[in-house]
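Enquirer: Following this line is start12.cif, made up of mmCIF, C-alpha atoms:
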data_final
#
loop_
_atom_site.label_atom_id
_atom_site.label_comp_id
_atom_site.auth_asym_id
_atom_site.auth_seq_id
_atom_site.Cartn_x
_atom_site.Cartn_y
_atom_site.Cartn_z
CA MET A 1 -26.01 -20.57 -3.91
CA SER A 2 -25.30 -19.34 -0.42
CA ILE A 3 -25.03 -15.72 0.65
CA GLU A 4 -21.27 -16.16 1.23
CA SER A 5 -20.60 -17.16 -2.37
CA VAL A 6 -22.68 -14.20 -3.58
CA VAL A 7 -20.54 -11.84 -1.47
CA PHE A 8 -17.39 -13.49 -2.80
CA ALA A 9 -18.62 -13.10 -6.38
CA ILE A 10 -19.47 -9.41 -5.85
CA LEU A 11 -16.06 -8.72 -4.29
CA ALA A 12 -14.27 -10.60 -7.07
CA GLY A 13 -16.28 -8.72 -9.70
CA VAL A 14 -15.46 -5.32 -8.20
CA ALA A 15 -11.77 -6.26 -7.87
CA LEU A 16 -11.58 -7.46 -11.47
CA ALA A 17 -13.45 -4.42 -12.79
CA GLY A 18 -11.17 -2.11 -10.81
CA GLY A 19 -8.03 -3.86 -12.03
CA ILE A 20 -9.21 -3.80 -15.65
CA VAL A 21 -10.11 -0.09 -15.43
CA THR A 22 -6.69 0.62 -13.86
CA VAL A 23 -4.89 -1.11 -16.69
CA PHE A 24 -7.02 -0.09 -19.68
CA ALA A 25 -8.34 3.41 -18.85
CA ARG A 26 -7.25 6.18 -21.20
CA ASP A 27 -7.95 8.89 -18.67
CA VAL A 28 -5.76 9.38 -15.57
CA THR A 29 -8.69 10.20 -13.30
CA ARG A 30 -10.51 7.02 -14.31
CA MET A 31 -7.32 5.05 -13.71
CA VAL A 32 -7.11 6.32 -10.12
CA ILE A 33 -10.79 5.59 -9.49
CA GLY A 34 -10.29 2.05 -10.82
CA LEU A 35 -7.32 1.62 -8.50
CA ALA A 36 -9.45 2.85 -5.59
CA ALA A 37 -12.18 0.31 -6.39
CA PHE A 38 -9.57 -2.45 -6.61
CA LEU A 39 -7.92 -1.57 -3.28
CA LEU A 40 -11.31 -1.20 -1.54
CA SER A 41 -12.41 -4.62 -2.75
CA ILE A 42 -9.15 -6.15 -1.47
CA ALA A 43 -9.96 -4.64 1.94
CA GLY A 44 -13.45 -6.12 1.53
CA PHE A 45 -11.93 -9.58 0.96
CA PHE A 46 -9.93 -9.26 4.18
CA VAL A 47 -13.03 -8.29 6.15
CA TYR A 48 -14.93 -11.15 4.45
CA TRP A 49 -12.38 -13.60 5.87
CA LYS A 50 -12.68 -11.82 9.25
CA ALA A 51 -9.08 -10.58 9.07
CA SER A 52 -10.51 -7.28 10.28
CA PHE A 53 -7.23 -5.76 11.44
CA LEU A 54 -5.65 -6.37 8.04
CA GLY A 55 -8.71 -4.86 6.35
CA VAL A 56 -8.40 -1.71 8.44
CA VAL A 57 -4.65 -1.49 7.72
CA GLN A 58 -5.38 -1.90 4.01
CA LEU A 59 -7.94 0.93 4.18
CA PHE A 60 -5.66 3.27 6.13
CA VAL A 61 -2.39 2.63 4.30
CA TYR A 62 -3.59 2.02 0.75
CA VAL A 63 -6.83 3.92 0.28
CA GLY A 64 -5.82 6.68 2.69
CA GLY A 65 -2.12 6.90 1.91
CA VAL A 66 -0.98 5.39 -1.36
CA LEU A 67 -3.99 6.59 -3.35
CA VAL A 68 -3.52 10.18 -2.15
CA LEU A 69 0.17 9.81 -3.05
CA PHE A 70 -0.87 8.77 -6.58
CA VAL A 71 -3.18 11.76 -6.92
CA PHE A 72 -0.42 14.10 -5.75
CA ALA A 73 2.11 12.56 -8.13
CA ILE A 74 -0.32 12.92 -11.05
CA MET A 75 -0.92 16.56 -10.12
CA LEU A 76 2.81 17.29 -9.96
CA VAL A 77 3.85 15.26 -13.01
CA HIS A 78 1.16 16.18 -15.49
CA ARG A 79 1.35 19.85 -14.72
CA SER A 80 5.05 20.01 -15.45
CA THR A 81 4.78 18.05 -18.71
CA GLU A 82 2.94 19.69 -21.55
CA GLY A 83 -0.17 18.21 -23.14
CA SER A 84 -2.43 15.45 -21.90
CA PRO A 85 -0.84 12.26 -20.53
CA TYR A 86 -0.28 9.44 -22.97
CA LEU A 87 -1.66 6.22 -21.60
CA GLU A 88 -2.12 4.25 -24.80
CA THR A 89 -0.75 0.77 -25.12
CA ARG A 90 1.79 -0.98 -27.30
CA HIS A 91 3.10 -4.56 -27.84
CA ASP A 92 -0.42 -5.96 -27.40
CA ILE A 93 0.00 -9.49 -28.75
CA ALA A 94 3.27 -10.33 -27.00
CA SER A 95 2.06 -8.91 -23.67
CA ILE A 96 -1.23 -10.77 -23.76
CA THR A 97 0.68 -13.98 -24.55
CA VAL A 98 2.98 -13.50 -21.56
CA ALA A 99 0.18 -12.54 -19.15
CA GLY A 100 -2.20 -15.27 -20.34
CA GLY A 101 0.56 -17.88 -20.38
CA LEU A 102 1.52 -17.07 -16.80
CA PHE A 103 -2.13 -17.28 -15.75
CA ILE A 104 -2.62 -20.70 -17.35
CA MET A 105 0.71 -21.98 -16.03
CA VAL A 106 0.14 -21.00 -12.39
CA VAL A 107 -3.51 -22.05 -12.31
CA THR A 108 -2.79 -25.51 -13.76
CA ALA A 109 0.19 -25.95 -11.43
CA LEU A 110 -1.56 -24.92 -8.21
CA LYS A 111 -5.22 -25.84 -8.76
CA ASP A 112 -4.99 -28.97 -6.63
CA PHE A 113 -3.28 -27.24 -3.71
CA VAL A 114 -5.25 -24.04 -3.27
CA HIS A 115 -8.64 -24.42 -1.65
CA ASP A 116 -11.15 -21.67 -1.04
CA PRO A 117 -11.31 -20.33 2.51
CA VAL A 118 -14.81 -20.04 3.90
CA ALA A 119 -16.25 -16.70 4.97
CA GLY A 120 -15.05 -15.61 8.40
CA ALA A 121 -12.35 -18.28 8.38
CA MET A 122 -9.89 -16.24 10.40
CA VAL A 123 -11.14 -15.53 13.88
CA THR A 124 -8.07 -13.71 15.09
CA GLY A 125 -8.30 -10.67 17.28
CA THR A 126 -5.85 -7.81 17.35
CA ASP A 127 -4.34 -9.27 20.54
CA GLU A 128 -3.18 -12.32 18.58
CA VAL A 129 -1.71 -10.12 15.83
CA ALA A 130 0.06 -8.01 18.44
CA ALA A 131 1.44 -11.14 20.13
CA VAL A 132 2.95 -12.26 16.82
CA LEU A 133 4.20 -8.79 15.81
CA LEU A 134 5.88 -8.17 19.16
CA GLY A 135 6.90 -11.80 19.68
CA PRO A 136 8.33 -14.02 16.92
CA MET A 137 8.26 -11.24 14.29
CA LEU A 138 9.76 -8.50 16.46
CA THR A 139 12.91 -8.30 14.33
CA HIS A 140 10.85 -7.89 11.14
CA PHE A 141 8.73 -5.26 12.86
CA GLU A 142 11.75 -3.20 13.90
CA MET A 143 13.41 -3.57 10.50
CA VAL A 144 10.26 -2.37 8.74
CA GLY A 145 10.26 0.65 11.04
CA VAL A 146 13.88 1.46 10.20
CA MET A 147 13.14 0.93 6.50
CA LEU A 148 10.19 3.33 6.64
CA LEU A 149 12.48 5.99 8.14
CA ALA A 150 15.02 5.36 5.37
CA VAL A 151 12.25 5.62 2.76
CA LEU A 152 11.10 8.93 4.26
CA VAL A 153 14.60 10.40 4.06
CA ALA A 154 15.13 8.96 0.56
CA VAL A 155 11.90 10.49 -0.77
CA VAL A 156 12.86 13.90 0.62
CA ILE A 157 16.30 13.66 -0.97
CA ILE A 158 14.99 12.39 -4.34
CA VAL A 159 12.23 14.97 -4.70
CA GLY A 160 13.80 17.92 -2.87
CA GLY A 161 17.36 17.57 -4.04
CA GLU A 162 16.67 18.64 -7.60
CA GLU A 163 15.57 22.22 -6.91
CA ARG A 164 18.23 24.82 -6.16
CA MET B 1 -9.92 -22.76 -6.81
CA ASN B 2 -12.10 -19.63 -7.20
CA LEU B 3 -9.64 -17.66 -5.08
CA LEU B 4 -6.70 -18.84 -7.18
CA VAL B 5 -8.45 -17.93 -10.44
CA VAL B 6 -9.48 -14.46 -9.20
CA ALA B 7 -6.03 -13.64 -7.77
CA MET B 8 -4.19 -14.90 -10.85
CA LEU B 9 -6.57 -13.04 -13.19
CA LEU B 10 -5.81 -9.83 -11.30
CA PHE B 11 -2.08 -10.60 -11.39
CA SER B 12 -2.19 -11.24 -15.15
CA VAL B 13 -4.13 -8.03 -15.76
CA GLY B 14 -1.54 -6.11 -13.74
CA LEU B 15 1.32 -7.77 -15.60
CA TYR B 16 -0.30 -6.88 -18.91
CA GLY B 17 -0.54 -3.27 -17.72
CA VAL B 18 3.12 -3.18 -16.70
CA LEU B 19 4.12 -4.49 -20.13
CA THR B 20 1.89 -2.23 -22.22
CA ARG B 21 1.47 1.08 -20.41
CA ARG B 22 3.44 4.04 -21.72
CA ASP B 23 3.17 6.38 -18.75
CA LEU B 24 5.34 5.85 -15.66
CA VAL B 25 2.50 6.58 -13.22
CA ALA B 26 0.27 4.06 -15.02
CA VAL B 27 3.03 1.42 -14.83
CA LEU B 28 3.27 2.02 -11.07
CA ALA B 29 -0.52 1.67 -10.73
CA SER B 30 -0.35 -1.67 -12.57
CA ILE B 31 2.41 -2.80 -10.19
CA GLU B 32 0.08 -1.95 -7.31
CA VAL B 33 -2.56 -4.24 -8.86
CA MET B 34 -0.01 -7.08 -9.05
CA LEU B 35 1.08 -6.56 -5.44
CA GLY B 36 -2.52 -6.39 -4.23
CA SER B 37 -3.44 -9.66 -5.95
CA ALA B 38 -0.39 -11.40 -4.45
CA THR B 39 -1.36 -10.20 -0.96
CA LEU B 40 -4.92 -11.39 -1.59
CA LEU B 41 -3.73 -14.89 -2.51
CA LEU B 42 -1.35 -15.08 0.46
CA VAL B 43 -3.94 -14.02 3.04
CA GLY B 44 -6.55 -16.25 1.40
CA LEU B 45 -4.19 -19.22 1.62
CA GLY B 46 -3.54 -18.42 5.27
CA ALA B 47 -7.28 -18.16 5.93
CA THR B 48 -7.85 -21.77 4.82
CA GLY B 49 -6.11 -22.84 8.02
CA GLU B 50 -4.41 -25.77 6.30
CA MET B 51 -0.96 -27.08 7.00
CA ILE B 52 1.66 -25.21 4.98
CA ALA B 53 4.95 -27.10 4.56
CA GLY B 54 4.12 -29.33 7.50
CA THR B 55 3.42 -26.58 10.03
CA GLN B 56 0.16 -25.08 11.18
CA VAL B 57 0.17 -21.35 10.49
CA GLY B 58 -1.97 -19.33 12.87
CA GLY B 59 -4.17 -16.41 11.88
CA GLY B 60 -1.99 -13.96 13.82
CA THR B 61 1.05 -14.87 11.73
CA VAL B 62 -0.93 -14.49 8.51
CA GLU B 63 -2.25 -11.06 9.46
CA ALA B 64 1.18 -9.89 10.68
CA THR B 65 2.76 -10.99 7.39
CA GLY B 66 0.01 -9.19 5.50
CA VAL B 67 0.71 -6.00 7.44
CA MET B 68 4.41 -6.31 6.55
CA ILE B 69 3.56 -6.67 2.84
CA ILE B 70 1.20 -3.68 2.91
CA VAL B 71 3.85 -1.51 4.58
CA LEU B 72 6.49 -2.63 2.06
CA ALA B 73 4.09 -1.87 -0.81
CA ALA B 74 3.45 1.60 0.59
CA ALA B 75 7.21 2.24 0.80
CA GLU B 76 7.63 1.00 -2.78
CA ALA B 77 4.88 3.32 -4.01
CA ALA B 78 6.42 6.28 -2.16
CA ILE B 79 9.90 5.73 -3.62
CA GLY B 80 8.51 4.96 -7.09
CA LEU B 81 6.34 8.07 -7.24
CA ALA B 82 9.20 10.22 -5.91
CA LEU B 83 11.39 8.90 -8.72
CA VAL B 84 8.62 9.62 -11.24
CA VAL B 85 8.35 13.22 -10.00
CA ALA B 86 12.15 13.63 -10.20
CA VAL B 87 12.21 12.20 -13.74
CA ALA B 88 9.32 14.44 -14.83
CA ARG B 89 11.11 17.51 -13.50
CA ARG B 90 14.38 16.70 -15.18
CA PHE B 91 13.27 15.35 -18.57
CA ARG B 92 9.85 17.09 -18.85
CA THR B 93 8.18 13.77 -19.75
CA THR B 94 7.01 10.54 -18.14
CA ARG B 95 6.61 8.52 -21.36
CA ILE B 96 8.84 5.50 -21.07
CA ASP B 97 9.44 5.31 -24.83
CA GLU B 98 10.94 8.81 -24.73
CA LEU B 99 13.17 8.01 -21.75
CA THR B 100 15.67 5.93 -23.71
CA GLY B 101 19.02 7.31 -22.59
CA VAL B 102 21.00 5.53 -19.89
CA LYS B 103 23.54 8.28 -19.23
CA GLY B 104 22.30 10.62 -16.52
#
Would you mind writing the file out in structure tokens?
Expert:
Amino acid sequence: MSIESVVFAILAGVALAGGIVTVFARDVTRMVIGLAAFLLSIAGFFVYWKASFLGVVQLFVYVGGVLVLFVFAIMLVHRSTEGSPYLETRHDIASITVAGGLFIMVVTALKDFVHDPVAGAMVTGTDEVAAVLLGPMLTHFEMVGVMLLAVLVAVVIIVGGEER
Amino acid sequence: MNLLVVAMLLFSVGLYGVLTRRDLVAVLASIEVMLGSATLLLVGLGATGEMIAGTQVGGGTVEATGVMIIVLAAAEAAIGLALVVAVARRFRTTRIDELTGVKG
């Protein structure tokens, strides 16, 4: 067993543990910590494949931005509603059938086509990413920028418009 | 094969969370797990360096697409959490089984 497969197994274990804690935790704080572990391990996967730029973006945007957003939303929401948050589950059997069925379906359909990338498979520098972002994908890049501005305005209107 | 199993396990766990969670914030967190696993599978597929639909996809394209997905996911989380805060202010609850009315 090579060192690369050990690293892959550790990353996969952390990601799975984080995802399971996110979905099954009864406590909101534990849910956020599970989400943090999951997002960090995804960034770890990107660095493991040497997609370093993507790993850094994942760290900045997700762990630095979205996670803080979640914490803020939990602070705002669960202060204005009385009592502790209800996180318990329902419809267990049907949901596990749907989720497990989808898993089996996709894995059996794609198992011959998806191969494992080796560690450090992507040796792209930021210059190559920039050449793609400002070259063939320039339209996408600009549209994402416009969409982010629209999202900013929309969030201000949605959250701020209620109070008078 | 390992990558596919890990990503699909994460996706299934997230889907299960979306279907079973009762709190709106927890549903959004489960959606984040689903989105993260999809990004993981996409970037992993790109990292194999194989031909996809007859064309060679370079690492720059894969990383740029990944950046686009991450930015879109961040925008989705921002809008979703803003809606959750607005709902919590108006109805004093975020339990989805209490939010049954359609009329605003």
Enquirer: One decimal, Å: what's the distance from CA of Val118 in chain A over to CA of Trp49 in chain A, could you say?
Expert: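 Going from CA of Val118 in chain A over to CA of Trp49 in chain A covers 7.2 Å.
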Enquirer: In terms of the shortest atom-to-atom distance over all atoms listed in the file, which of A:Ala99, A:Val106, A:Val6, A:Leu152 is closest to Val18 in chain B?
Expert: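 The answer is A:Ala99, which sits nearest to Val18 in chain B.
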Enquirer: Run the PyMOL selection byres ((chain B) within 6 of (chain A)) against the file shown and list the residues it catches, as a list in words.
Expert: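 What the PyMOL selection byres ((chain B) within 6 of (chain A)) grabs from the file is Met1, Leu3, Met8, Ser12, Tyr16, Gly17, Thr20, Arg21, Arg22, Asp23, Ala47, Thr48, Gly59, Gly60, Glu63, Ala64, Ile79, Ala82, Val85, Ala86, Ala88, Arg92 and Thr93 of chain B.
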Enquirer: Please, could you write that set of residues out with C-alpha atoms as a PDB file, in the coordinates of the input?
Expert:
ATOM      1  CA  MET B   1      -9.920 -22.760  -6.810  1.00  0.00           C
ATOM      2  CA  LEU B   3      -9.640 -17.660  -5.080  1.00  0.00           C
ATOM      3  CA  MET B   8      -4.190 -14.900 -10.850  1.00  0.00           C
ATOM      4  CA  SER B  12      -2.190 -11.240 -15.150  1.00  0.00           C
ATOM      5  CA  TYR B  16      -0.300  -6.880 -18.910  1.00  0.00           C
ATOM      6  CA  GLY B  17      -0.540  -3.270 -17.720  1.00  0.00           C
ATOM      7  CA  THR B  20       1.890  -2.230 -22.220  1.00  0.00           C
ATOM      8  CA  ARG B  21       1.470   1.080 -20.410  1.00  0.00           C
ATOM      9  CA  ARG B  22       3.440   4.040 -21.720  1.00  0.00           C
ATOM     10  CA  ASP B  23       3.170   6.380 -18.750  1.00  0.00           C
ATOM     11  CA  ALA B  47      -7.280 -18.160   5.930  1.00  0.00           C
ATOM     12  CA  THR B  48      -7.850 -21.770   4.820  1.00  0.00           C
ATOM     13  CA  GLY B  59      -4.170 -16.410  11.880  1.00  0.00           C
ATOM     14  CA  GLY B  60      -1.990 -13.960  13.820  1.00  0.00           C
ATOM     15  CA  GLU B  63      -2.250 -11.060   9.460  1.00  0.00           C
ATOM     16  CA  ALA B  64       1.180  -9.890  10.680  1.00  0.00           C
ATOM     17  CA  ILE B  79       9.900   5.730  -3.620  1.00  0.00           C
ATOM     18  CA  ALA B  82       9.200  10.220  -5.910  1.00  0.00           C
ATOM     19  CA  VAL B  85       8.350  13.220 -10.000  1.00  0.00           C
ATOM     20  CA  ALA B  86      12.150  13.630 -10.200  1.00  0.00           C
ATOM     21  CA  ALA B  88       9.320  14.440 -14.830  1.00  0.00           C
ATOM     22  CA  ARG B  92       9.850  17.090 -18.850  1.00  0.00           C
ATOM     23  CA  THR B  93       8.180  13.770 -19.750  1.00  0.00           C
TER      24      THR B  93
END
Enquirer: Evaluate the PyMOL selection byres ((chain B and resi 32-46) around 6) on the structure here and hand back the selected residues as an mmCIF file with C-alpha atoms, in the coordinates of the input.
Expert:
data_model
loop_
_atom_site.group_PDB
_atom_site.id
_atom_site.type_symbol
_atom_site.label_atom_id
_atom_site.label_comp_id
_atom_site.auth_asym_id
_atom_site.auth_seq_id
_atom_site.Cartn_x
_atom_site.Cartn_y
_atom_site.Cartn_z
ATOM 1 C CA ALA B 7 -6.030 -13.640 -7.770
ATOM 2 C CA LEU B 10 -5.810 -9.830 -11.300
ATOM 3 C CA PHE B 11 -2.080 -10.600 -11.390
ATOM 4 C CA GLY B 14 -1.540 -6.110 -13.740
ATOM 5 C CA ALA B 29 -0.520 1.670 -10.730
ATOM 6 C CA SER B 30 -0.350 -1.670 -12.570
ATOM 7 C CA ILE B 31 2.410 -2.800 -10.190
ATOM 8 C CA ALA B 47 -7.280 -18.160 5.930
ATOM 9 C CA THR B 48 -7.850 -21.770 4.820
ATOM 10 C CA GLY B 49 -6.110 -22.840 8.020
ATOM 11 C CA VAL B 62 -0.930 -14.490 8.510
#
Enquirer: Hey, could you pull the box centre and edge lengths for range 68-71 of chain A, axis-aligned, 6 Å padding per side, all listed atoms, to one decimal in Å, as JSON?
Expert:
{"center_x": -1.7, "center_y": 10.3, "center_z": -4.5, "size_x": 15.7, "size_y": 15.0, "size_z": 16.8}
Enquirer: If you measure from CA of Thr61 in chain B to CA of Ala109 in chain A, what distance in Å do you get, rounded to one decimal?
Expert: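 Here the two named atoms are 25.7 Å from each other.
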Enquirer: What is the CA of Thr108 in chain A-CA of Val13 in chain B distance in Å, reported with one decimal?
Expert: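 Rounded to one decimal, the two atoms are 17.6 Å apart.
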